[in-house]
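**Q** Right, I'll just put the structure down here and ask away after.
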Amino acid sequence: MKMADWVDSANQEWRCPVCGQTKGSSGPFVSPWALACHIAGKALARDALHKAWIDEVPDVGRLPRTVPKLAERIQDRVIVTVRASYASQLYLWIAEIEVSLHQFIRKKLEEDHGPDEGGWWDKGVPLSIRQECAKRRESTIRKQEPYNYTDLVDLKQILDKNWSAFQRDFRKIERYYRSKREFLGALQVLNEVRNMVMHPVRGASPTQEELMLLRTLHAAVLEFAT
């Protein structure tokens, strides 16, 4: 899947990086070409903000007099700009999910096993994860408490091990996920999407199904962890 298709399939619209609009007189911007035509039209109509944005596009040169010709020159810049904006949104969703789970899991483990390290940490977190966190901690310069070195896969395993402590909270999101297995499976997919977003040079992009899963998981986790 190309990045342009990625943004289309996830949003079903393209947002103007200048004015924030998602549609014009002909309807929603459903492609980079439609958005490029919008920006070109505004610039040729002497809108200062859209004209200034185009002036920053390399190699545009003297502005053509027609919308299609100007749109053709700026379309690649439109794709890059919107792609960067959307990647930032995905990162924010992923970060909110991870931070919310991280804080909520510790809170529940402390309630269940006590706030001392010999309680929630030793009894609630599998030994293999505690050992791995210790290794990660030793490889860093600014050392933090071991729990801060858990990742999404670790959090998934901690949830699995202590599911009885989270069953009541899971009832709040049963309209999203029918079972523990389905919820934990979504967290596994989230980790894969996270790797794609954080490592764009690898050339992989989330599928439409994975992006929709991310949206659903984001909404579910915010309810689960409150």
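Residue numbering restarts at 1 for every chain of the structure tokens, chains are lettered A, B, ... in their displayed order, and ligands are numbered from 1 as they appear.
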Pull the closest atom pair for each residue of region 131-207 of chain A that gets at most 9 Å from region 103-119 of chain A, along with the distance in Å to one decimal, counting only C-alpha atoms, ordering rows by chain and then ascending residue number, as a tab-separated table.

**A**
```
residue	atom	partner	partner_atom	distance
A:Tyr147	CA	A:Arg106	CA	8.7
A:Leu155	CA	A:Ile105	CA	7.8
A:Ile158	CA	A:Ile105	CA	8.0
A:Leu159	CA	A:Ile105	CA	7.4
A:Asn162	CA	A:Leu109	CA	8.1
A:Ala165	CA	A:Lys108	CA	6.9
A:Phe166	CA	A:Lys108	CA	7.6
```

**Q** Would you please extract all helix (DSSP H, G or I) residues from region 42-161 of chain A, as assigned by DSSP on the backbone, and give them as a ChimeraX atom specification?

**A** /A:42-44,48-55,67-113,117-124,127-138,146-149,152-161

**Q** Quick one: residues within 12 Å of Asp55 (chain A), only C-alpha atoms counted, chain neighbours fewer than 4 positions away excluded, as a ChimeraX atom specification?

**A** /A:39-40,43,48-51,59-63,70,73-74,77

**Q** Keeping only all heavy atoms, write the selected residues to a file as a compact mmCIF listing (two decimals), in the first residue's frame.

**A**
```
# COMPACT_ATOMS: atom_id res chain seq x y z
N ILE A 39 -5.42 24.14 -3.02
CA ILE A 39 -4.36 25.06 -2.65
C ILE A 39 -3.99 25.94 -3.85
O ILE A 39 -3.80 27.16 -3.71
CB ILE A 39 -3.12 24.29 -2.14
CG1 ILE A 39 -3.47 23.53 -0.85
CG2 ILE A 39 -1.95 25.23 -1.91
CD1 ILE A 39 -2.38 22.61 -0.37
N ALA A 40 -3.88 25.30 -5.03
CA ALA A 40 -3.54 26.06 -6.24
C ALA A 40 -4.60 27.12 -6.54
O ALA A 40 -4.28 28.27 -6.87
CB ALA A 40 -3.39 25.10 -7.42
N ALA A 43 -4.31 30.01 -4.14
CA ALA A 43 -3.13 30.83 -4.41
C ALA A 43 -3.35 31.71 -5.64
O ALA A 43 -3.00 32.90 -5.64
CB ALA A 43 -1.92 29.94 -4.61
N ALA A 48 -3.27 35.06 0.46
CA ALA A 48 -1.88 35.24 0.89
C ALA A 48 -1.30 34.01 1.56
O ALA A 48 -0.13 33.65 1.33
CB ALA A 48 -1.81 36.45 1.83
N LEU A 49 -2.09 33.32 2.40
CA LEU A 49 -1.56 32.17 3.14
C LEU A 49 -1.23 31.01 2.19
O LEU A 49 -0.17 30.38 2.32
CB LEU A 49 -2.56 31.73 4.21
CG LEU A 49 -2.76 32.70 5.37
CD1 LEU A 49 -3.83 32.17 6.32
CD2 LEU A 49 -1.45 32.91 6.12
N HIS A 50 -2.14 30.70 1.29
CA HIS A 50 -1.89 29.60 0.35
C HIS A 50 -0.76 29.94 -0.62
O HIS A 50 0.03 29.08 -0.98
CB HIS A 50 -3.18 29.26 -0.41
CG HIS A 50 -4.23 28.63 0.43
ND1 HIS A 50 -5.04 29.35 1.27
CD2 HIS A 50 -4.59 27.32 0.59
CE1 HIS A 50 -5.86 28.52 1.91
NE2 HIS A 50 -5.62 27.30 1.52
N LYS A 51 -0.69 31.20 -1.02
CA LYS A 51 0.40 31.64 -1.89
C LYS A 51 1.73 31.50 -1.17
O LYS A 51 2.74 31.05 -1.74
CB LYS A 51 0.17 33.10 -2.29
CG LYS A 51 1.32 33.74 -3.07
CD LYS A 51 1.55 33.10 -4.42
CE LYS A 51 2.44 33.99 -5.30
NZ LYS A 51 3.73 34.33 -4.69
N ASP A 59 11.42 24.42 -6.46
CA ASP A 59 11.35 24.22 -7.91
C ASP A 59 9.98 24.51 -8.52
O ASP A 59 9.69 24.04 -9.63
CB ASP A 59 11.75 22.78 -8.28
CG ASP A 59 13.14 22.43 -7.79
OD1 ASP A 59 14.01 23.32 -7.83
OD2 ASP A 59 13.36 21.29 -7.35
N VAL A 60 9.15 25.26 -7.84
CA VAL A 60 7.88 25.63 -8.46
C VAL A 60 8.09 26.69 -9.54
O VAL A 60 7.48 26.65 -10.60
CB VAL A 60 6.87 26.14 -7.41
CG1 VAL A 60 5.67 26.78 -8.10
CG2 VAL A 60 6.41 25.00 -6.54
N GLY A 61 9.00 27.62 -9.24
CA GLY A 61 9.28 28.66 -10.21
C GLY A 61 8.13 29.64 -10.37
O GLY A 61 7.31 29.82 -9.47
N ARG A 62 8.06 30.23 -11.56
CA ARG A 62 6.97 31.16 -11.82
C ARG A 62 5.64 30.42 -11.85
O ARG A 62 5.51 29.37 -12.48
CB ARG A 62 7.20 31.85 -13.16
CG ARG A 62 6.18 32.94 -13.48
CD ARG A 62 6.53 33.64 -14.77
NE ARG A 62 5.57 34.69 -15.09
CZ ARG A 62 5.66 35.48 -16.15
NH1 ARG A 62 6.68 35.32 -17.00
NH2 ARG A 62 4.74 36.39 -16.38
N LEU A 63 4.65 30.96 -11.15
CA LEU A 63 3.38 30.25 -11.03
C LEU A 63 2.65 30.17 -12.35
O LEU A 63 2.47 31.18 -13.04
CB LEU A 63 2.47 30.95 -10.00
CG LEU A 63 2.93 31.00 -8.55
CD1 LEU A 63 1.81 31.55 -7.69
CD2 LEU A 63 3.38 29.65 -8.06
N LEU A 70 -0.61 24.29 -11.90
CA LEU A 70 0.01 24.59 -10.61
C LEU A 70 -0.16 23.41 -9.66
O LEU A 70 0.77 23.05 -8.93
CB LEU A 70 -0.60 25.85 -10.02
CG LEU A 70 -0.06 26.28 -8.64
CD1 LEU A 70 1.45 26.40 -8.65
CD2 LEU A 70 -0.71 27.61 -8.21
N ARG A 73 2.42 20.76 -10.11
CA ARG A 73 3.75 21.09 -9.59
C ARG A 73 3.85 20.91 -8.07
O ARG A 73 4.93 20.65 -7.54
CB ARG A 73 4.11 22.54 -9.94
CG ARG A 73 4.33 22.76 -11.42
CD ARG A 73 4.95 24.12 -11.67
NE ARG A 73 5.06 24.40 -13.09
CZ ARG A 73 5.63 25.51 -13.58
NH1 ARG A 73 6.14 26.42 -12.75
NH2 ARG A 73 5.68 25.72 -14.88
N ILE A 74 2.74 21.07 -7.36
CA ILE A 74 2.80 21.03 -5.89
C ILE A 74 2.28 19.72 -5.31
O ILE A 74 2.33 19.53 -4.09
CB ILE A 74 2.03 22.20 -5.27
CG1 ILE A 74 0.52 22.08 -5.54
CG2 ILE A 74 2.59 23.53 -5.76
CD1 ILE A 74 -0.32 23.11 -4.81
N ARG A 77 4.53 17.76 -2.90
CA ARG A 77 4.70 18.43 -1.61
C ARG A 77 3.47 18.24 -0.74
O ARG A 77 3.58 18.08 0.48
CB ARG A 77 4.96 19.92 -1.85
CG ARG A 77 5.03 20.76 -0.58
CD ARG A 77 6.23 20.40 0.31
NE ARG A 77 6.28 21.22 1.50
CZ ARG A 77 6.89 22.40 1.59
NH1 ARG A 77 7.51 22.89 0.53
NH2 ARG A 77 6.90 23.07 2.71
```

**Q** Could you check the closest approach to Glu72 (chain A) for each of A:Asn148, A:His38, A:Arg168, A:Pro17 and tell me which residue wins, using only C-alpha atoms?

**A**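 The closest residue to Glu72 (chain A) is A:His38.
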
**Q** Restrict the calculation to only C-alpha atoms, then for each residue of region 59-170 of chain A with any atom at most 8 Å from an atom of region 193-197 of chain A give the closest atom pair and their distance in Å to one decimal, rows by chain and rising residue number, as JSON lines.

**A**
```
{"residue": "A:Ala87", "atom": "CA", "partner": "A:Val197", "partner_atom": "CA", "distance": 6.7}
{"residue": "A:Leu90", "atom": "CA", "partner": "A:Val197", "partner_atom": "CA", "distance": 7.4}
{"residue": "A:Tyr91", "atom": "CA", "partner": "A:Val197", "partner_atom": "CA", "distance": 7.0}
{"residue": "A:Ile94", "atom": "CA", "partner": "A:Arg194", "partner_atom": "CA", "distance": 6.8}
```

**Q** Mind giving me the straight-line distance from CA of Gly41 (chain A) to CA of Val67 (chain A) in Å, one decimal?

**A**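 These two atoms are separated by 5.5 Å.
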
**Q** DSSP on the backbone: which residues in region 11-170 of chain A end up as strand (DSSP E or B)? Give the answer as a list in words.

**A** Lys23, Gly24, Gly27 and Pro28 of chain A

**Q** Mind giving me the straight-line distance from CA of Thr226 (chain A) to CA of Tyr176 (chain A) in Å, one decimal?

**A** 15.6 Å
